[in-house]
Amino acid sequence: MATVPALASANLDGFEQRIRERELLRSGPLETIPDSKSATFNDGIPNTPLAVSIISFLLGSTFALGFLTFLSGGFRSFWFTTYQLGFFVASWSVFHWGEFAVTAGWNREKVSVDSFLLNNGRMYHIANSLAFTEYLLVSYFRPSLKSFPYVSSFGVIMVLVGQFLRSAAMIKAASNFSHAVAFRKHPGHQLVTDGVYAWFRHPSYAGFFYWALGTQLVLQNPFSFLVYYVLLMRFFSSRIRAEERALASFFGHDYASYRTRVGTKIPFIP
């Protein structure tokens, strides 16, 4: 595995590196009173139950406001409080809360404050900011361009399916799932090929792919939709190649056979 260091540095962003370092250094997940070695920080957020409870409360409050706006069809008091933006905010909150909740429930040894994926890379935040900006500018200056409810309805379906697929994949894989690509086979690591993995070779990636694109259909953001698509294809093409090299080295013929039988169901990634 002489290429592992180069492969890792090429495909792991800063977020994944922090997760890897935390798993190596910490004495246990979610230290109540962490020492300097066991608690690295995610942009100043300590790896403690208190931090988790605060983040969960804020995500829950954001979800409640967004979902109420969506159910009510928007509030006329403010031009920007539309059902579309409400659903986008609600789905964003559910996604990040769900990442932590599923990890805590089915993958306890890997759970930490980073499991919320709030620091999901610079491009993730830029893409979200772009989506907000496009939606608000177009809604203010050309609101008629946001008046195609069937597009938003299709986007809602994509978001729900994508969220279900990702969460189901994480639950099915359980301790075999990791937010960071594993380049070493850990004891007990098994190749999961049943459940949603019988239909999607990388169901967590496919779920996020369709979830993210669905949010832009809900907002009816044509420019952000294209940007999301390009960024997602670039990211997943690179990540899947790296991960599958590792999986092939872990499981040999079993993974090669599985890869032949089951596709990713992500366009242009066989």
# chains A, B, ... in the order shown; residues from 1 in each chain; ligands from 1
call {"tool": "residues_around", "arguments": {"residues": "Ser61 in chain A", "least_positions_apart": "6", "cutoff": "10 Å", "atoms": "only C-alpha atoms", "output": "ChimeraX atom specification"}}
result
/A:55,67,90,93
call {"tool": "write_last_selection", "arguments": {"atoms": "N, CA, C and O atoms", "output": "compact mmCIF listing (two decimals), in the first residue's frame"}}
result
# COMPACT_ATOMS: atom_id res chain seq x y z
N ILE A 55 -26.17 22.46 20.25
CA ILE A 55 -26.30 22.35 18.79
C ILE A 55 -27.63 21.70 18.42
O ILE A 55 -28.33 22.15 17.50
N PHE A 67 -40.01 24.49 9.17
CA PHE A 67 -41.11 23.59 8.85
C PHE A 67 -42.46 24.29 9.01
O PHE A 67 -43.39 24.07 8.22
N ALA A 90 -35.48 23.83 6.89
CA ALA A 90 -35.88 22.66 7.68
C ALA A 90 -35.11 21.42 7.26
O ALA A 90 -34.64 20.64 8.11
N SER A 93 -31.52 21.52 8.51
CA SER A 93 -31.44 21.23 9.94
C SER A 93 -31.58 19.74 10.21
O SER A 93 -30.85 19.16 11.02
call {"tool": "atom_distance", "arguments": {"atom1": "CA of Ser56 in chain A", "atom2": "CA of Met123 in chain A"}}
result
23.5 Å
call {"tool": "closest_atom_pairs", "arguments": {"of": "range 144-200 of chain A", "to": "range 217-238 of chain A", "cutoff": "8 Å", "atoms": "only C-alpha atoms", "output": "Markdown table"}}
result
| residue | atom | partner | partner_atom | distance |
| --- | --- | --- | --- | --- |
| A:Leu145 | CA | A:Gln220 | CA | 7.9 |
| A:Lys146 | CA | A:Gln220 | CA | 6.0 |
| A:Phe148 | CA | A:Gln220 | CA | 7.9 |
| A:Val151 | CA | A:Leu217 | CA | 6.0 |
| A:Ser152 | CA | A:Val218 | CA | 3.8 |
| A:Ser153 | CA | A:Val218 | CA | 6.8 |
| A:Phe154 | CA | A:Leu217 | CA | 7.3 |
| A:Gly155 | CA | A:Val218 | CA | 4.7 |
| A:Val156 | CA | A:Val218 | CA | 6.1 |
call {"tool": "atom_distance", "arguments": {"atom1": "CA of Gly195 in chain A", "atom2": "CA of Leu213 in chain A"}}
result
24.0 Å
call {"tool": "closest_residue", "arguments": {"among": "A:Pro143, A:Gly263, A:Gly60, A:Pro270", "to": "Thr82 in chain A", "atoms": "only C-alpha atoms"}}
result
A:Pro143
call {"tool": "atom_distance", "arguments": {"atom1": "CA of Ser139 in chain A", "atom2": "CA of Phe164 in chain A"}}
result
29.5 Å
call {"tool": "residues_around", "arguments": {"residues": "range 184-192 of chain A", "least_positions_apart": "6", "cutoff": "10 Å", "atoms": "only C-alpha atoms", "output": "list in words"}}
result
Met1, Val4, Ala169, Lys172, Ala173, Ala174, Ser175, Asn176, Phe177, Ala198, Arg201, Ala246, Leu247, Ser249, Phe250, Phe251, Asp254, Tyr255 and Tyr258 of chain A
call {"tool": "residues_around", "arguments": {"residues": "Ala131 in chain A", "least_positions_apart": "2", "cutoff": "8 Å", "atoms": "only C-alpha atoms", "output": "list in words"}}
result
Ala127, Asn128, Ser129, Thr133, Glu134, Tyr135, Gln216, Asn221 and Ser224 of chain A
call {"tool": "write_last_selection", "arguments": {"atoms": "N, CA, C and O atoms", "output": "PDB file, in the first residue's frame"}}
result
ATOM      1  N   ALA A 127     -21.351  26.875  -1.285  1.00  0.00           N
ATOM      2  CA  ALA A 127     -22.497  26.441  -2.088  1.00  0.00           C
ATOM      3  C   ALA A 127     -23.811  26.820  -1.410  1.00  0.00           C
ATOM      4  O   ALA A 127     -24.749  27.304  -2.072  1.00  0.00           O
ATOM      5  N   ASN A 128     -23.895  26.616  -0.104  1.00  0.00           N
ATOM      6  CA  ASN A 128     -25.109  26.996   0.616  1.00  0.00           C
ATOM      7  C   ASN A 128     -25.338  28.496   0.575  1.00  0.00           C
ATOM      8  O   ASN A 128     -26.474  28.967   0.412  1.00  0.00           O
ATOM      9  N   SER A 129     -24.269  29.262   0.723  1.00  0.00           N
ATOM     10  CA  SER A 129     -24.383  30.729   0.663  1.00  0.00           C
ATOM     11  C   SER A 129     -24.833  31.174  -0.717  1.00  0.00           C
ATOM     12  O   SER A 129     -25.658  32.093  -0.851  1.00  0.00           O
ATOM     13  N   THR A 133     -28.236  33.224  -1.622  1.00  0.00           N
ATOM     14  CA  THR A 133     -28.112  34.497  -2.334  1.00  0.00           C
ATOM     15  C   THR A 133     -28.924  34.496  -3.617  1.00  0.00           C
ATOM     16  O   THR A 133     -29.656  35.455  -3.914  1.00  0.00           O
ATOM     17  N   GLU A 134     -28.791  33.421  -4.402  1.00  0.00           N
ATOM     18  CA  GLU A 134     -29.554  33.342  -5.645  1.00  0.00           C
ATOM     19  C   GLU A 134     -31.046  33.397  -5.375  1.00  0.00           C
ATOM     20  O   GLU A 134     -31.785  34.136  -6.044  1.00  0.00           O
ATOM     21  N   TYR A 135     -31.488  32.628  -4.383  1.00  0.00           N
ATOM     22  CA  TYR A 135     -32.918  32.577  -4.104  1.00  0.00           C
ATOM     23  C   TYR A 135     -33.447  33.942  -3.671  1.00  0.00           C
ATOM     24  O   TYR A 135     -34.492  34.402  -4.164  1.00  0.00           O
ATOM     25  N   GLN A 216     -32.171  22.365  -4.287  1.00  0.00           N
ATOM     26  CA  GLN A 216     -32.119  23.442  -5.281  1.00  0.00           C
ATOM     27  C   GLN A 216     -33.327  23.441  -6.196  1.00  0.00           C
ATOM     28  O   GLN A 216     -33.716  24.489  -6.726  1.00  0.00           O
ATOM     29  N   ASN A 221     -33.642  27.143  -8.072  1.00  0.00           N
ATOM     30  CA  ASN A 221     -32.379  27.839  -8.323  1.00  0.00           C
ATOM     31  C   ASN A 221     -31.645  27.174  -9.482  1.00  0.00           C
ATOM     32  O   ASN A 221     -30.878  26.231  -9.267  1.00  0.00           O
ATOM     33  N   SER A 224     -27.623  27.630  -9.088  1.00  0.00           N
ATOM     34  CA  SER A 224     -27.086  26.854  -7.972  1.00  0.00           C
ATOM     35  C   SER A 224     -27.224  25.355  -8.225  1.00  0.00           C
ATOM     36  O   SER A 224     -26.367  24.570  -7.802  1.00  0.00           O
TER      37      SER A 224
END
call {"tool": "closest_residue", "arguments": {"among": "A:Gly98, A:Gly86, A:Gly121, A:Gly74", "to": "Ser167 in chain A", "atoms": "only C-alpha atoms"}}
result
A:Gly98
call {"tool": "residues_around", "arguments": {"residues": "Phe208 in chain A", "least_positions_apart": "6", "cutoff": "8 Å", "atoms": "only C-alpha atoms", "output": "PDB file with C-alpha atoms, in the first residue's frame"}}
result
ATOM      1  CA  GLY A 162     -32.278  11.311  -0.459  1.00  0.00           C
ATOM      2  CA  GLN A 163     -32.489  11.795   3.303  1.00  0.00           C
ATOM      3  CA  ARG A 166     -28.541   8.267   3.392  1.00  0.00           C
TER       4      ARG A 166
END
call {"tool": "select_by_dssp", "arguments": {"residues": "range 23-138 of chain A", "states": "strand (DSSP E or B)", "output": "ChimeraX atom specification"}}
result
/A:42,45,74,82
call {"tool": "select_by_dssp", "arguments": {"residues": "range 118-258 of chain A", "states": "helix (DSSP H, G or I)", "output": "ChimeraX atom specification"}}
result
/A:122-141,143-146,149-176,195-198,203-219,222-251,253-258
call {"tool": "closest_residue", "arguments": {"among": "A:Phe200, A:Tyr210, A:Thr62, A:Trp79", "to": "Phe141 in chain A", "atoms": "only C-alpha atoms"}}
result
A:Trp79
